[in-house]
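Source file my_file-v2.cif; content: mmCIF, C-alpha atoms and all ligand atoms.
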data_final
#
loop_
_atom_site.label_atom_id
_atom_site.label_comp_id
_atom_site.auth_asym_id
_atom_site.auth_seq_id
_atom_site.Cartn_x
_atom_site.Cartn_y
_atom_site.Cartn_z
CA MET A 303 -13.35 -63.55 40.72
CA LEU A 304 -13.76 -63.85 44.47
CA THR A 305 -16.40 -61.82 46.26
CA LEU A 306 -14.43 -59.92 48.87
CA SER A 307 -17.32 -57.82 50.08
CA GLY A 308 -21.08 -58.27 50.20
CA ARG A 309 -24.17 -58.53 52.33
CA VAL A 310 -24.70 -61.47 54.62
CA ILE A 311 -28.00 -63.32 54.70
CA ARG A 312 -28.72 -62.80 58.37
CA ILE A 313 -27.08 -61.94 61.69
CA GLU A 314 -28.59 -63.75 64.64
CA SER A 315 -27.16 -61.65 67.41
CA GLU A 316 -28.17 -58.75 69.57
CA ALA A 317 -24.67 -57.32 69.94
CA PRO A 318 -21.74 -58.83 67.98
CA LYS A 319 -18.52 -58.86 70.00
CA PRO A 320 -15.65 -58.14 67.60
CA LEU A 321 -12.01 -58.83 68.39
CA GLY A 322 -10.76 -55.67 66.75
CA LEU A 323 -11.90 -52.46 68.35
CA LYS A 324 -15.47 -51.84 67.31
CA ARG A 325 -15.89 -48.38 65.79
CA ASP A 326 -18.94 -46.94 64.06
CA GLY A 327 -20.58 -50.35 64.13
CA ARG A 328 -17.63 -52.06 62.38
CA GLY A 329 -16.03 -55.07 63.98
CA LEU A 330 -13.18 -57.37 62.99
CA TYR A 331 -13.06 -61.12 63.48
CA SER A 332 -10.20 -63.59 63.16
CA LEU A 333 -11.60 -66.87 61.82
CA THR A 334 -10.76 -70.40 62.85
CA THR A 335 -12.07 -73.78 61.75
CA ASN A 336 -10.67 -75.39 64.91
CA ALA A 337 -13.61 -76.46 67.03
CA ASP A 338 -11.28 -77.82 69.71
CA LEU A 339 -9.48 -74.67 70.82
CA PRO A 340 -8.87 -74.55 74.58
CA PRO A 341 -11.75 -72.66 76.23
CA GLY A 342 -9.43 -69.80 77.25
CA LEU A 343 -8.54 -69.05 73.61
CA ARG A 344 -12.01 -69.33 72.10
CA SER A 345 -13.09 -65.79 72.93
CA GLN A 346 -10.24 -64.49 70.71
CA LYS A 347 -11.55 -66.26 67.63
CA ALA A 348 -14.71 -66.50 65.55
CA LEU A 349 -15.60 -70.04 64.50
CA LEU A 350 -16.11 -70.74 60.82
CA VAL A 351 -18.76 -73.44 61.16
CA GLN A 352 -18.03 -76.54 59.05
CA ASP A 353 -20.45 -79.24 57.85
CA ARG A 354 -18.32 -81.85 59.61
CA PHE A 355 -19.11 -80.46 63.08
CA THR A 356 -21.52 -82.73 64.88
CA ASP A 357 -21.88 -80.34 67.82
CA ILE A 358 -21.27 -76.61 67.82
CA PRO A 359 -18.74 -75.81 70.57
CA THR A 360 -19.49 -72.87 72.80
CA GLY A 361 -17.28 -69.94 73.85
CA TYR A 362 -16.20 -68.44 70.50
CA SER A 363 -16.66 -64.70 70.01
CA HIS A 364 -18.87 -65.21 66.96
CA TYR A 365 -20.00 -67.96 64.57
CA PHE A 366 -19.90 -67.59 60.78
CA ALA A 367 -21.94 -70.27 59.02
CA PHE A 368 -23.78 -71.13 55.80
CA GLY A 369 -26.84 -72.46 57.60
CA PRO A 370 -29.19 -71.41 60.40
CA LYS A 371 -28.27 -71.33 64.06
CA PRO A 372 -29.17 -74.62 65.79
CA GLU A 373 -32.20 -74.52 68.00
CA GLY A 374 -31.34 -73.37 71.52
CA PHE A 375 -27.74 -72.30 70.71
CA SER A 376 -26.92 -68.97 72.28
CA GLY A 377 -23.79 -67.75 70.41
CA ASP A 378 -23.76 -64.76 68.02
CA TRP A 379 -24.31 -66.24 64.56
CA THR A 380 -23.96 -64.86 61.03
CA VAL A 381 -25.39 -66.71 58.05
CA MET A 382 -23.38 -66.09 54.86
CA GLY A 383 -24.06 -66.82 51.20
CA ALA A 384 -22.07 -69.40 49.22
CA GLU A 385 -19.93 -66.61 47.68
CA PHE A 386 -18.00 -66.54 50.97
CA GLY A 387 -17.28 -70.27 50.79
CA TYR A 388 -13.57 -69.56 50.28
CA LEU A 389 -13.13 -68.23 53.84
CA ALA A 390 -10.68 -70.35 55.80
CA GLU A 391 -8.53 -70.72 58.91
CA GLY A 392 -6.61 -67.55 59.77
CA ASP A 393 -8.69 -65.21 57.59
CA VAL A 394 -9.87 -61.89 59.00
CA VAL A 395 -13.25 -60.36 58.16
CA ALA A 396 -15.06 -57.16 59.05
CA LEU A 397 -18.76 -57.26 59.82
CA SER A 398 -20.76 -54.08 59.79
CA GLU A 399 -24.49 -53.61 59.60
CA GLY A 400 -25.11 -56.76 57.59
CA HIS A 401 -22.10 -56.18 55.33
CA LEU A 402 -19.15 -58.58 55.34
CA ARG A 403 -15.70 -57.68 53.99
CA SER A 404 -12.83 -60.12 53.67
CA LEU A 405 -9.77 -58.14 54.83
CA PHE A 406 -7.13 -60.86 54.95
CA ARG A 407 -6.93 -64.35 53.45
CA ALA A 408 -4.31 -66.53 55.08
CA ASN A 409 -3.96 -68.77 51.99
CA SER A 410 -3.18 -65.87 49.67
CA GLU A 411 0.12 -64.13 48.86
CA HIS A 412 -1.84 -61.12 47.58
CA ASN A 413 -3.14 -59.44 50.72
CA SER A 414 -3.23 -55.65 50.68
CA ILE A 415 -4.62 -53.20 53.19
CA LEU A 416 -6.55 -50.37 51.54
CA LEU A 417 -5.52 -47.50 53.78
CA THR A 418 -7.39 -44.61 52.20
CA GLU A 419 -9.36 -43.63 49.12
CA GLN A 420 -7.95 -40.09 49.19
CA CYS A 421 -5.13 -39.13 46.85
CA ASN A 422 -3.22 -36.01 45.75
CA ASN A 423 -2.82 -37.45 42.22
CA TYR A 424 -5.73 -38.07 39.89
CA CYS A 425 -4.23 -40.61 37.49
CA LEU A 426 -5.95 -41.19 34.14
CA MET A 427 -5.92 -44.94 34.76
CA CYS A 428 -6.56 -45.01 38.52
CA SER A 429 -8.19 -48.31 39.43
CA GLN A 430 -9.34 -46.91 42.80
CA PRO A 431 -10.66 -43.42 41.92
CA PRO A 432 -9.88 -40.92 44.68
CA LYS A 433 -12.62 -39.65 46.97
CA ARG A 434 -12.52 -36.45 49.00
CA ILE A 435 -13.80 -37.97 52.19
CA ASP A 436 -12.60 -38.38 55.74
CA ASP A 437 -11.78 -42.09 55.78
CA LYS A 438 -9.53 -42.19 58.80
CA TRP A 439 -11.64 -45.13 59.96
CA LEU A 440 -9.75 -47.20 57.36
CA LEU A 441 -6.48 -46.37 59.12
CA ASP A 442 -8.00 -47.27 62.50
CA GLU A 443 -9.27 -50.51 61.01
CA ALA A 444 -5.81 -51.25 59.58
CA MET A 445 -4.27 -50.88 63.04
CA ASP A 446 -6.77 -53.43 64.39
CA LEU A 447 -6.36 -55.74 61.41
CA VAL A 448 -2.57 -55.97 61.80
CA ARG A 449 -3.02 -57.34 65.33
CA LEU A 450 -5.19 -60.17 63.95
CA ILE A 451 -3.03 -61.20 60.98
CA PRO A 452 -1.17 -64.51 61.55
CA ARG A 453 2.44 -63.90 62.66
CA ASP A 454 3.85 -66.22 59.98
CA THR A 455 2.41 -64.17 57.10
CA ARG A 456 5.08 -63.87 54.41
CA THR A 457 3.95 -60.75 52.54
CA LEU A 458 1.58 -57.86 53.05
CA GLY A 459 0.75 -54.79 50.96
CA ILE A 460 -0.44 -51.32 51.89
CA THR A 461 -2.27 -49.42 49.20
CA GLY A 462 -4.63 -46.53 48.56
CA GLY A 463 -5.38 -43.84 47.46
CA GLU A 464 -2.21 -42.33 48.77
CA PRO A 465 -1.26 -43.84 52.16
CA THR A 466 1.22 -41.07 53.02
CA LEU A 467 -1.59 -38.50 53.19
CA PHE A 468 -2.04 -39.70 56.77
CA GLY A 469 1.39 -38.27 57.58
CA GLU A 470 2.60 -39.27 61.05
CA ASP A 471 -0.26 -41.77 61.36
CA PHE A 472 1.03 -43.57 58.25
CA ILE A 473 4.49 -43.75 59.83
CA ALA A 474 2.86 -45.11 63.01
CA LEU A 475 1.16 -47.84 60.97
CA VAL A 476 4.46 -48.93 59.37
CA ARG A 477 5.99 -49.07 62.87
CA HIS A 478 2.95 -51.05 64.11
CA VAL A 479 3.34 -53.58 61.27
CA LYS A 480 7.04 -53.93 62.08
CA ASN A 481 6.23 -54.62 65.75
CA TRP A 482 3.38 -57.09 65.18
CA LEU A 483 4.63 -58.80 62.02
CA PRO A 484 8.41 -58.54 62.25
CA THR A 485 9.12 -61.26 59.68
CA THR A 486 6.50 -60.16 57.13
CA SER A 487 7.75 -58.55 53.93
CA LEU A 488 5.89 -55.26 53.47
CA HIS A 489 5.18 -53.56 50.13
CA ILE A 490 3.68 -50.06 50.08
CA LEU A 491 2.22 -48.35 47.04
CA SER A 492 2.76 -44.59 47.11
CA ASN A 493 3.10 -41.80 44.57
CA GLY A 494 6.21 -40.81 46.52
CA ARG A 495 5.42 -37.09 46.58
CA TYR A 496 5.34 -36.69 50.37
CA PHE A 497 8.84 -38.13 50.62
CA SER A 498 10.12 -34.97 48.89
CA ASN A 499 9.82 -33.53 52.39
CA PRO A 500 13.15 -34.59 53.96
CA ALA A 501 11.65 -34.65 57.48
CA PHE A 502 8.94 -37.08 56.37
CA ALA A 503 11.44 -39.30 54.56
CA ASP A 504 13.61 -39.24 57.71
CA ALA A 505 10.67 -40.28 59.91
CA TYR A 506 9.86 -43.17 57.55
CA ALA A 507 13.47 -44.35 57.48
CA ALA A 508 13.67 -44.08 61.29
CA VAL A 509 11.09 -46.87 61.61
CA ASN A 510 13.90 -49.10 60.40
CA HIS A 511 11.57 -51.81 59.09
CA PRO A 512 13.76 -54.78 58.14
CA ASP A 513 11.92 -55.65 54.92
CA VAL A 514 9.84 -52.88 53.37
CA MET A 515 9.71 -51.70 49.76
CA LEU A 516 7.96 -48.59 48.42
CA GLY A 517 6.44 -48.98 44.94
CA ILE A 518 6.48 -45.52 43.34
CA PRO A 519 5.25 -44.77 39.81
CA ILE A 520 7.14 -42.71 37.25
CA TYR A 521 5.39 -42.70 33.88
CA SER A 522 7.72 -40.74 31.65
CA GLU A 523 11.12 -39.07 31.59
CA ASP A 524 9.21 -35.99 30.38
CA PRO A 525 7.93 -34.17 33.49
CA ALA A 526 4.99 -32.68 31.58
CA LEU A 527 3.83 -36.10 30.37
CA HIS A 528 4.17 -37.66 33.84
CA ASP A 529 2.19 -34.74 35.31
CA TYR A 530 -0.47 -35.19 32.61
CA VAL A 531 -0.83 -38.92 33.35
CA VAL A 532 -1.19 -38.29 37.08
CA GLN A 533 -3.20 -35.08 36.50
CA ALA A 534 -1.15 -33.07 39.00
CA ASP A 535 1.20 -30.18 38.19
CA GLY A 536 4.64 -30.54 39.74
CA ALA A 537 4.11 -34.21 40.64
CA PHE A 538 7.13 -35.45 38.65
CA ASP A 539 9.48 -33.12 40.49
CA GLU A 540 8.13 -34.12 43.92
CA THR A 541 8.13 -37.82 43.09
CA VAL A 542 11.73 -37.83 41.85
CA ARG A 543 12.87 -35.80 44.86
CA GLY A 544 11.01 -38.28 47.05
CA VAL A 545 12.82 -41.23 45.45
CA LEU A 546 16.18 -39.45 45.89
CA ASN A 547 15.48 -38.72 49.56
CA LEU A 548 14.46 -42.32 50.20
CA LYS A 549 17.53 -43.79 48.51
CA ARG A 550 19.79 -41.30 50.33
CA LEU A 551 18.38 -42.88 53.50
CA GLY A 552 18.97 -46.42 52.27
CA GLN A 553 15.28 -47.23 51.76
CA LYS A 554 14.12 -49.79 49.18
CA VAL A 555 12.28 -48.30 46.19
CA GLU A 556 10.63 -49.98 43.23
CA ILE A 557 9.75 -47.79 40.22
CA ARG A 558 6.41 -48.82 38.72
CA VAL A 559 5.35 -48.01 35.17
CA VAL A 560 1.81 -48.74 34.01
CA LEU A 561 1.82 -49.36 30.26
CA HIS A 562 -0.80 -47.65 28.11
CA LYS A 563 -1.12 -45.38 25.08
CA GLN A 564 0.45 -42.42 26.91
CA THR A 565 3.44 -44.29 28.31
CA ALA A 566 4.23 -47.21 25.98
CA ALA A 567 6.03 -45.37 23.17
CA GLY A 568 8.31 -43.53 25.61
CA LEU A 569 9.25 -46.63 27.56
CA PRO A 570 12.82 -46.98 26.20
CA LYS A 571 13.51 -43.29 26.93
CA LEU A 572 12.15 -43.69 30.46
CA ALA A 573 14.38 -46.75 30.94
CA GLU A 574 17.39 -44.67 29.86
CA TYR A 575 16.36 -41.89 32.26
CA ILE A 576 16.14 -44.35 35.14
CA ALA A 577 19.46 -45.95 34.20
CA ARG A 578 21.16 -42.54 34.09
CA ASN A 579 19.52 -40.79 37.04
CA LEU A 580 18.03 -43.43 39.34
CA LEU A 581 20.45 -46.30 38.84
CA PHE A 582 20.29 -47.10 42.54
CA VAL A 583 16.59 -48.05 42.67
CA ASP A 584 15.96 -51.63 43.76
CA GLN A 585 13.62 -52.72 41.00
CA VAL A 586 11.60 -51.50 38.02
CA ALA A 587 8.18 -53.04 37.40
CA LEU A 588 6.63 -52.67 33.93
CA MET A 589 2.94 -53.36 34.26
CA GLY A 590 -0.08 -54.01 32.03
CA LEU A 591 -3.21 -51.92 32.42
CA GLU A 592 -6.17 -52.89 34.63
CA MET A 593 -9.61 -52.13 33.15
CA MET A 594 -11.00 -50.63 36.33
CA GLY A 595 -11.98 -47.24 37.69
CA PHE A 596 -10.89 -44.30 35.54
CA THR A 597 -9.37 -46.56 32.87
CA ARG A 598 -12.79 -47.40 31.54
CA ALA A 599 -13.78 -43.74 31.41
CA ASN A 600 -10.51 -42.78 29.66
CA LEU A 601 -10.26 -45.81 27.41
CA ASP A 602 -9.73 -43.82 24.18
CA ALA A 603 -6.75 -42.05 25.73
CA LEU A 604 -5.31 -45.20 27.29
CA TRP A 605 -6.01 -48.39 25.41
CA ILE A 606 -3.28 -49.83 23.26
CA ASP A 607 -3.03 -53.51 22.43
CA PRO A 608 0.05 -54.84 24.29
CA ILE A 609 1.17 -56.51 21.07
CA GLU A 610 1.79 -53.02 19.68
CA TYR A 611 4.36 -52.12 22.34
CA LYS A 612 6.14 -55.42 22.80
CA ARG A 613 9.19 -54.06 20.93
CA GLU A 614 9.44 -51.07 23.33
CA LEU A 615 8.91 -53.42 26.26
CA SER A 616 11.82 -55.61 25.18
CA GLN A 617 13.99 -52.56 24.53
CA ALA A 618 13.27 -51.08 27.98
CA ALA A 619 13.94 -54.42 29.72
CA ARG A 620 17.24 -54.70 27.83
CA ILE A 621 18.35 -51.18 28.81
CA LEU A 622 17.49 -51.67 32.49
CA SER A 623 19.03 -55.11 32.82
CA ALA A 624 22.16 -53.97 30.96
CA HIS A 625 22.54 -51.47 33.82
CA ARG A 626 21.96 -54.26 36.34
CA ILE A 627 18.64 -52.84 37.50
CA PRO A 628 16.29 -55.74 38.35
CA VAL A 629 13.26 -55.69 36.03
CA SER A 630 9.88 -57.34 36.44
CA ILE A 631 7.07 -57.50 33.90
CA TYR A 632 3.65 -57.74 35.49
CA ASN A 633 0.05 -58.13 34.37
CA LEU A 634 0.60 -59.10 30.73
CA PRO A 635 -0.44 -62.28 28.87
CA LEU A 636 2.58 -64.37 27.97
CA CYS A 637 1.63 -64.61 24.27
CA LEU A 638 1.78 -60.81 23.96
CA VAL A 639 5.42 -60.40 24.93
CA ASP A 640 8.58 -61.42 23.07
CA PRO A 641 10.58 -64.38 24.41
CA ASP A 642 13.56 -62.15 25.28
CA VAL A 643 11.57 -60.77 28.25
CA TYR A 644 10.57 -64.18 29.64
CA PRO A 645 13.33 -63.95 32.29
CA PHE A 646 11.57 -60.86 33.69
CA TYR A 647 8.01 -62.16 33.36
CA VAL A 648 6.06 -62.56 36.60
CA LYS A 649 2.63 -64.13 37.17
CA SER A 650 1.48 -61.21 39.22
CA ILE A 651 -2.26 -60.63 39.09
CA SER A 652 -3.83 -61.05 42.52
CA ASP A 653 -5.50 -64.46 42.76
CA TRP A 654 -8.94 -63.05 43.57
CA LYS A 655 -9.15 -61.10 40.28
CA ASN A 656 -7.18 -63.36 37.93
CA GLU A 657 -8.86 -65.17 35.01
CA TYR A 658 -8.10 -66.65 31.60
CA ALA A 659 -9.88 -66.04 28.30
CA PRO A 660 -11.76 -68.74 26.38
CA GLU A 661 -8.93 -68.62 23.78
CA CYS A 662 -6.55 -69.85 26.51
CA GLU A 663 -8.24 -73.24 26.77
CA PRO A 664 -5.82 -75.20 24.50
CA CYS A 665 -2.73 -73.21 25.51
CA LYS A 666 0.24 -75.34 26.55
CA LYS A 667 1.81 -72.46 28.51
CA LYS A 668 -1.24 -71.57 30.59
CA SER A 669 0.51 -72.58 33.79
CA GLU A 670 3.38 -70.17 33.03
CA CYS A 671 1.08 -67.34 31.94
CA GLY A 672 -0.26 -64.68 34.30
CA GLY A 673 -3.53 -64.43 32.36
CA PHE A 674 -5.84 -61.45 32.71
CA PHE A 675 -7.49 -59.22 35.24
CA SER A 676 -11.14 -60.25 35.64
CA SER A 677 -11.99 -56.72 34.48
CA ALA A 678 -10.27 -57.37 31.12
CA ILE A 679 -12.31 -60.54 30.60
CA LYS A 680 -15.43 -58.49 31.34
CA TYR A 681 -14.68 -55.27 29.46
CA GLY A 682 -12.25 -56.24 26.71
CA TYR A 683 -8.75 -57.48 26.01
CA SER A 684 -6.30 -57.89 23.15
CA LYS A 685 -7.51 -59.42 19.89
CA SER A 686 -4.04 -60.86 19.41
CA ILE A 687 -4.20 -63.64 22.02
CA ARG A 688 -2.67 -66.76 20.46
CA PRO A 689 -2.46 -69.98 22.49
CA PHE A 690 0.82 -71.88 22.42
CA CYS A 691 -0.23 -75.15 20.84
CA ASP A 692 2.91 -77.10 19.98
S1 LIG A 701 -3.28 -68.01 25.16
FE1 LIG A 701 -1.78 -68.84 26.61
S2 LIG A 701 -0.20 -67.31 26.75
FE2 LIG A 701 -1.95 -66.32 25.78
S3 LIG A 701 -3.07 -65.38 27.45
FE3 LIG A 701 -3.94 -67.41 27.19
S4 LIG A 701 -2.82 -68.77 28.60
FE4 LIG A 701 -1.66 -66.86 28.35
#
Is it possible to express this structure as structure tokens?
Amino acid sequence: MLTLSGRVIRIESEAPKPLGLKRDGRGLYSLTTNADLPPGLRSQKALLVQDRFTDIPTGYSHYFAFGPKPEGFSGDWTVMGAEFGYLAEGDVVALSEGHLRSLFRANSEHNSILLTEQCNNYCLMCSQPPKRIDDKWLLDEAMDLVRLIPRDTRTLGITGGEPTLFGEDFIALVRHVKNWLPTTSLHILSNGRYFSNPAFADAYAAVNHPDVMLGIPIYSEDPALHDYVVQADGAFDETVRGVLNLKRLGQKVEIRVVLHKQTAAGLPKLAEYIARNLLFVDQVALMGLEMMGFTRANLDALWIDPIEYKRELSQAARILSAHRIPVSIYNLPLCLVDPDVYPFYVKSISDWKNEYAPECEPCKKKSECGGFFSSAIKYGYSKSIRPFCD
């Protein structure tokens, strides 16, 4: 698992000069390993110091290194630990009071901007438990970050918490992403409830982003069960009305279903509900559980070995695909699903938190398998893992 956030060893600088707007002591830096940038461009980049450099070039806004600043060198210099050794050309980091956060990795297809930790749901299995805090600084940081992300980035996510809680400011961010990264495919995770307000849905659609998808969870066709899973009365009604408003406006929507003890048995019924009432959604994602946040606290209510619901998973995939609704199966080990769902199987776990179990060592299908969340390896996973050996 990659360390995306941690303390640095030392900052040798009186006053770091970030590229992103510096607020509350936080500054953003776009990294380069190119020591030969023209002098006029150097102030827009922070140099990631490499062993191969014989001399350290001057003029960069900041220097991130794994060793001490050379004698007599006057640039602002941060010494990092080896855990940040993965940082590379095009990455963006935030440095604040001795704390470094990796916000964007140019070599990854799994970059997401955490926009807020606030949420109006309180899901049993939330991997990012909501906080009642004013974290508008995250939105401000996101606006700065987007300006520093390489223009050829293929995909970008926005996640929370619930990003739409920022209302008009959320819409402004989507517009900002469209303007700065016009060819980047954008995926936004939302509980969809705010889109039940037609004016808000209209404002979102008016951005007219060429390639944006909203991932919205529906956990059951039974409103009471959905509301129980998200711990919010009336959420099902608002979410479904949100999806209807968005599709009326021609917006792309993916329905996401996290699979656990509360949702697995009802999966075929939910698939039928979607096929009958939400046939026009763009995709349905059926997703394994991540052992993070509230999941660990609610494990008795949530944990079910995926092998126990593979029949329901196959049934749901069959129902959806029979109605020509694209289906994807995320976050599940390949040996825990039946072969009839292989066409829908996606290696989906973000690279920085993706691992394999010791049992996987001899498996001949490891390269096709999505493996596990690092949290599962740490806190527990299915006892039914069986490597493919012939
Ligand atoms: S044994 Fe093979 S299929 Fe099963 S989880 Fe490990 S790599 Fe995946």
Subject >> Separation of CA of Leu548 (chain A) from CA of Asp504 (chain A) in Å >> reply: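 A separation of 8.2 Å between them.
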Report as a PDB file with C-alpha atoms, keeping the file's coordinate frame which protein, DNA and RNA residues come within 10 Å of ligand LIG 701 (chain A), using all atoms listed in the file.
ATOM      1  CA  LEU A 634       0.600 -59.100  30.730  1.00  0.00           C
ATOM      2  CA  PRO A 635      -0.440 -62.280  28.870  1.00  0.00           C
ATOM      3  CA  LEU A 636       2.580 -64.370  27.970  1.00  0.00           C
ATOM      4  CA  CYS A 637       1.630 -64.610  24.270  1.00  0.00           C
ATOM      5  CA  LEU A 638       1.780 -60.810  23.960  1.00  0.00           C
ATOM      6  CA  VAL A 639       5.420 -60.400  24.930  1.00  0.00           C
ATOM      7  CA  GLU A 657      -8.860 -65.170  35.010  1.00  0.00           C
ATOM      8  CA  TYR A 658      -8.100 -66.650  31.600  1.00  0.00           C
ATOM      9  CA  ALA A 659      -9.880 -66.040  28.300  1.00  0.00           C
ATOM     10  CA  PRO A 660     -11.760 -68.740  26.380  1.00  0.00           C
ATOM     11  CA  GLU A 661      -8.930 -68.620  23.780  1.00  0.00           C
ATOM     12  CA  CYS A 662      -6.550 -69.850  26.510  1.00  0.00           C
ATOM     13  CA  GLU A 663      -8.240 -73.240  26.770  1.00  0.00           C
ATOM     14  CA  PRO A 664      -5.820 -75.200  24.500  1.00  0.00           C
ATOM     15  CA  CYS A 665      -2.730 -73.210  25.510  1.00  0.00           C
ATOM     16  CA  LYS A 666       0.240 -75.340  26.550  1.00  0.00           C
ATOM     17  CA  LYS A 667       1.810 -72.460  28.510  1.00  0.00           C
ATOM     18  CA  LYS A 668      -1.240 -71.570  30.590  1.00  0.00           C
ATOM     19  CA  SER A 669       0.510 -72.580  33.790  1.00  0.00           C
ATOM     20  CA  GLU A 670       3.380 -70.170  33.030  1.00  0.00           C
ATOM     21  CA  CYS A 671       1.080 -67.340  31.940  1.00  0.00           C
ATOM     22  CA  GLY A 672      -0.260 -64.680  34.300  1.00  0.00           C
ATOM     23  CA  GLY A 673      -3.530 -64.430  32.360  1.00  0.00           C
ATOM     24  CA  PHE A 674      -5.840 -61.450  32.710  1.00  0.00           C
ATOM     25  CA  TYR A 683      -8.750 -57.480  26.010  1.00  0.00           C
ATOM     26  CA  SER A 684      -6.300 -57.890  23.150  1.00  0.00           C
ATOM     27  CA  SER A 686      -4.040 -60.860  19.410  1.00  0.00           C
ATOM     28  CA  ILE A 687      -4.200 -63.640  22.020  1.00  0.00           C
ATOM     29  CA  ARG A 688      -2.670 -66.760  20.460  1.00  0.00           C
ATOM     30  CA  PRO A 689      -2.460 -69.980  22.490  1.00  0.00           C
ATOM     31  CA  PHE A 690       0.820 -71.880  22.420  1.00  0.00           C
ATOM     32  CA  CYS A 691      -0.230 -75.150  20.840  1.00  0.00           C
TER      33      CYS A 691
END
### Task
Go through A:Arg558, A:Arg407, A:His625, A:Lys685 one by one, measure the shortest atom-to-atom distance of each to Asn579 (chain A) using only C-alpha atoms, and give the residue with the smallest value.
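Of all the options, A:His625 lies closest to Asn579 (chain A).
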In Å to one decimal, how far is CA of Asp471 (chain A) from CA of Asp437 (chain A)?
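For CA of Asp437 (chain A) relative to CA of Asp471 (chain A), the distance reads 12.8 Å.
You will find CA of Val583 (chain A) at 8.3 Å from CA of Val545 (chain A).
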Quick one: contact table of region 469-558 of chain A to region 414-430 of chain A, 8 Å max, nearest atom pair and distance in Å to one decimal per residue, counting all atoms listed in the file, chain and number order, as a Markdown table?
| residue | atom | partner | partner_atom | distance |
| --- | --- | --- | --- | --- |
| A:Asn493 | CA | A:Asn423 | CA | 7.7 |
| A:Val531 | CA | A:Cys425 | CA | 5.6 |
| A:Val532 | CA | A:Cys425 | CA | 3.8 |
| A:Gln533 | CA | A:Tyr424 | CA | 5.2 |
| A:Ala534 | CA | A:Asn423 | CA | 5.7 |
| A:Ala537 | CA | A:Asn423 | CA | 7.8 |
### Task
Name the residues, using the chain letters and numbers of the file, that sit within 9 Å of (-6.7, -48.0, 32.7) when counting all atoms listed in the file, and give them as a VMD selection string.
chain A and resid 426 to 429 560 to 562 590 to 601 604 to 605
With C-alpha atoms retained, write the just-selected residues as a short mmCIF file (atom, residue, chain, number, x, y, z; two decimals), in the coordinates of the input.
data_model
loop_
_atom_site.label_atom_id
_atom_site.label_comp_id
_atom_site.auth_asym_id
_atom_site.auth_seq_id
_atom_site.Cartn_x
_atom_site.Cartn_y
_atom_site.Cartn_z
CA LEU A 426 -5.95 -41.19 34.14
CA MET A 427 -5.92 -44.94 34.76
CA CYS A 428 -6.56 -45.01 38.52
CA SER A 429 -8.19 -48.31 39.43
CA VAL A 560 1.81 -48.74 34.01
CA LEU A 561 1.82 -49.36 30.26
CA HIS A 562 -0.80 -47.65 28.11
CA GLY A 590 -0.08 -54.01 32.03
CA LEU A 591 -3.21 -51.92 32.42
CA GLU A 592 -6.17 -52.89 34.63
CA MET A 593 -9.61 -52.13 33.15
CA MET A 594 -11.00 -50.63 36.33
CA GLY A 595 -11.98 -47.24 37.69
CA PHE A 596 -10.89 -44.30 35.54
CA THR A 597 -9.37 -46.56 32.87
CA ARG A 598 -12.79 -47.40 31.54
CA ALA A 599 -13.78 -43.74 31.41
CA ASN A 600 -10.51 -42.78 29.66
CA LEU A 601 -10.26 -45.81 27.41
CA LEU A 604 -5.31 -45.20 27.29
CA TRP A 605 -6.01 -48.39 25.41
#
Discussion item. Is it possible to get the residues within 8 Å of (8.5, -33.4, 45.2) (coordinates as in the file, counting all atoms listed in the file) written as an NGL selection string?
Written reply: :A and (494-499 or 536-544)
### Query
For Ala618 (chain A), which residue out of A:Ile576, A:Ile606, A:Met382, A:Ala444 is the nearest one, using all atoms listed in the file?
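Checking each of A:Ile576, A:Ile606, A:Met382, A:Ala444 against Ala618 (chain A), counting all atoms listed in the file, the winner is A:Ile576.
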